[in-house]
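Enquirer: Before I ask anything, here is the structure I am working with.
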Amino acid sequence: MTTRQRKRPWLLEKQVPGLPKEVTPVEFLDLPTPVLEERRLARYWGLRSLHVKRDDLTSTLYGGSKSRMLEYFLGQAIARKKTSVATMGPHISHQALGIAVYANKLGLKSYAVLAPQPAQTEEQLRYQSMYRRWHMDTLHCNHYFSVPWAYLRTRLRRDKPYWIPAGGNDPLGILAIVEGALELAADIVRRRLPLPDDIVVPTGTCATAAGVYLGMALARLPVRVVAVRMVPQLWTSPNKLRHCANKTLALLRRAGFSEPVNWGDLLWVGEHFPPGYGLSNPRADAAIKDVANLSALRTETTYTGKSWAVFKTDLLQNRRVVFWNTYSAVDPVPTPKTAPVSMAPLRLLEQVSL
């Protein structure tokens, strides 16, 4: 499904010619993703305009912004001659599912340590089924204090898997989002869409928001990034977002990038998180209903629904807005043509409880 020879333009390489020595992405996505206007939602919500960066369409197999990051992480794993990859996340993890799909397609074994989250029994069962279908070995932790043991157990496996950080929070993964932000910047420069006042991005570990923030700084566009918090304050903050962006910029500096960057405004929005991770609230439910009635976009509760909730306030009234859609437009369904490459026997999902 892939080749080590890149076929599509790499916008970051134009700015940082030395970057291929540091980063070795592998191609399996349909990029760049389009930016489409949502006029009905804009009128209903009182916006001057609303466009959506359709990262839900990164692939017809399994899309979303996490899949963007996997081109970089899995490329690095292959470059290091690894035979397996591993990650950690909640029971319902878009990143873990993406890893299961694309590691399988590339012939790599995959593992995941899955931490507790508020009960969503039906959705958790659906994700468990998808992990199994894509031959991912998972350790489901019933309590937070069992997570370190499960993590250590996975890191010490004989095949020494390449570890992909939770949420893709690493300069390597953030670079993939920077590339997407430069796609958006190119559309603005070419006047395919008006210069937005704001880009709304859901944020958990800050990787996606940091990539958008840095991408706009590299493009020197005066756009405010609106980061909508989806996880407890203990795990995230605007300072963490800026730190992630600067750490990624340091990687670009090491690769030879010497131009100044223009950091734009950053607005941190935290009031849509309650009552907890993965749990909806009335404002998010109302926003999800609006999206369902006035567009063809697919949404969910944990990230996109609570991000859309910001439009149910007066915060963005009469402004030009781009919404960064991180959620896949499809669930991955194995077919005979996408049968597992790795023939290692599938183990049942384990429940870890100490």
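Ligands are numbered from 1 in the order shown, chains are lettered A, B, ... in the order of the structure tokens, and residues start at 1 in each chain.
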Any chance you could list, as number ranges by chain, the residues in segment 29-237 of chain A that come up strand (DSSP E) when DSSP is run on the backbone?

Expert: A: 35-37, 49-53, 84-90, 109-115, 136-141, 162-164, 198-203, 224-229

Enquirer: Restricting the calculation to only C-alpha atoms, which member of A:Arg157, A:Arg254, A:Arg43, A:Arg229 is positioned closest to Thr304 of chain A?

Expert: A:Arg229

Enquirer: Return as JSON lines the residues of segment 194-287 of chain A lying at most 10 Å from segment 20-40 of chain A, together with the closest atom-to-atom pair for each and the distance in Å to one decimal, counting only C-alpha atoms, with rows in chain order and ascending residue number.

Expert:
{"residue": "A:Leu251", "atom": "CA", "partner": "A:Glu22", "partner_atom": "CA", "distance": 8.3}
{"residue": "A:Leu252", "atom": "CA", "partner": "A:Glu22", "partner_atom": "CA", "distance": 8.9}
{"residue": "A:Arg254", "atom": "CA", "partner": "A:Glu22", "partner_atom": "CA", "distance": 8.6}
{"residue": "A:Ala255", "atom": "CA", "partner": "A:Glu22", "partner_atom": "CA", "distance": 6.8}

Enquirer: Rank A:Pro275, A:Ala219, A:Asn246, A:Pro116 by their smallest atom-to-atom distance to Phe145 of chain A, using only C-alpha atoms, and report the top residue only.

Expert: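 Smallest separation from Phe145 of chain A among the options: A:Pro116.
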
Enquirer: In Å, rounded to a single decimal, give me how far atom CA of Thr301 of chain A is from atom CA of Pro282 of chain A.

Expert: 11.2 Å

Enquirer: Taking only C-alpha atoms into account, name the residue in A:Arg8, A:Arg224, A:Lys81, A:His94 that is nearest to Pro332 of chain A.

Expert: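 Smallest distance to Pro332 of chain A is found for A:His94.
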
Enquirer: I'd like the interatomic distance between atom CA of Trp235 of chain A and atom CA of Ala210 of chain A, to a tenth of an Å.

Expert: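 That distance, rounded to one decimal, is 14.6 Å.
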
Enquirer: Tell me, as a ChimeraX atom specification, which residues lie within 12 Å of segment 195-197 of chain A, counting only C-alpha atoms; anything in the same chain fewer than 5 positions away does not count.

Expert: /A:47-53,184-190,216,220-226,264-267,315-323

Enquirer: I need the residue nearest Arg80 of chain A from this list: A:Leu41, A:Ala250, A:Arg68, A:Lys160. Use only C-alpha atoms for the distance.

Expert: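 Answer, going by the shortest atom-to-atom distance: A:Lys160.
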
Enquirer: Let's see if you can do this: from backbone DSSP, list all alpha helix (DSSP H) residues in segment 123-312 of chain A, as number ranges by chain.

Expert: A: 123-133, 147-155, 171-189, 207-219, 238-254, 282-294, 306-308

Enquirer: Leaving out Tyr303 of chain A and any residue of its chain fewer than 3 positions from it, which residues lie within 8 Å of it when counting only C-alpha atoms, given as a short mmCIF file (atom, residue, chain, number, x, y, z; two decimals) with N, CA, C and O atoms, in the first residue's frame?

Expert:
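Written file, out-v5.cif:
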data_model
loop_
_atom_site.label_atom_id
_atom_site.label_comp_id
_atom_site.auth_asym_id
_atom_site.auth_seq_id
_atom_site.Cartn_x
_atom_site.Cartn_y
_atom_site.Cartn_z
N PRO A 202 -10.01 21.02 18.54
CA PRO A 202 -10.13 20.30 19.81
C PRO A 202 -8.75 19.94 20.33
O PRO A 202 -7.84 19.64 19.54
N THR A 203 -8.57 19.98 21.65
CA THR A 203 -7.24 19.66 22.17
C THR A 203 -7.32 18.77 23.40
O THR A 203 -8.13 19.01 24.30
N MET A 230 -10.46 19.22 25.99
CA MET A 230 -11.29 18.03 26.07
C MET A 230 -10.88 17.10 27.21
O MET A 230 -11.51 16.06 27.40
N GLY A 278 -15.09 12.39 27.63
CA GLY A 278 -15.96 11.48 26.89
C GLY A 278 -17.43 11.61 27.21
O GLY A 278 -18.26 10.94 26.58
N GLU A 300 -18.93 13.10 17.00
CA GLU A 300 -18.96 12.21 18.17
C GLU A 300 -18.86 13.08 19.41
O GLU A 300 -18.66 14.30 19.32
N LYS A 306 -17.92 18.41 21.59
CA LYS A 306 -17.63 19.47 22.56
C LYS A 306 -16.89 20.64 21.90
O LYS A 306 -16.94 21.77 22.40
N SER A 307 -16.20 20.38 20.81
CA SER A 307 -15.56 21.48 20.08
C SER A 307 -16.61 22.31 19.34
O SER A 307 -16.56 23.55 19.33
#

Enquirer: Using only C-alpha atoms, which residues sit within 7 Å of segment 296-298 of chain A once same-chain residues fewer than 4 positions away are excluded, as a list in words?

Expert: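 What passes the distance filter is Val291, Ala292 and Ala329 of chain A.
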
Enquirer: Limited to C-alpha atoms, could you put the picked residues into a file as a PDB file, in the first residue's frame?

Expert:
ATOM      1  CA  VAL A 291     -24.386  19.673  12.711  1.00  0.00           C
ATOM      2  CA  ALA A 292     -26.567  16.631  11.998  1.00  0.00           C
ATOM      3  CA  ALA A 329     -15.507  10.130   8.297  1.00  0.00           C
TER       4      ALA A 329
END

Enquirer: Counting only C-alpha atoms, which residue out of A:Val269, A:Cys206, A:Thr313, A:Tyr111 sits closest to Gly46 of chain A?

Expert: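 Once distances to Gly46 of chain A are computed over only C-alpha atoms, the minimum belongs to A:Thr313.
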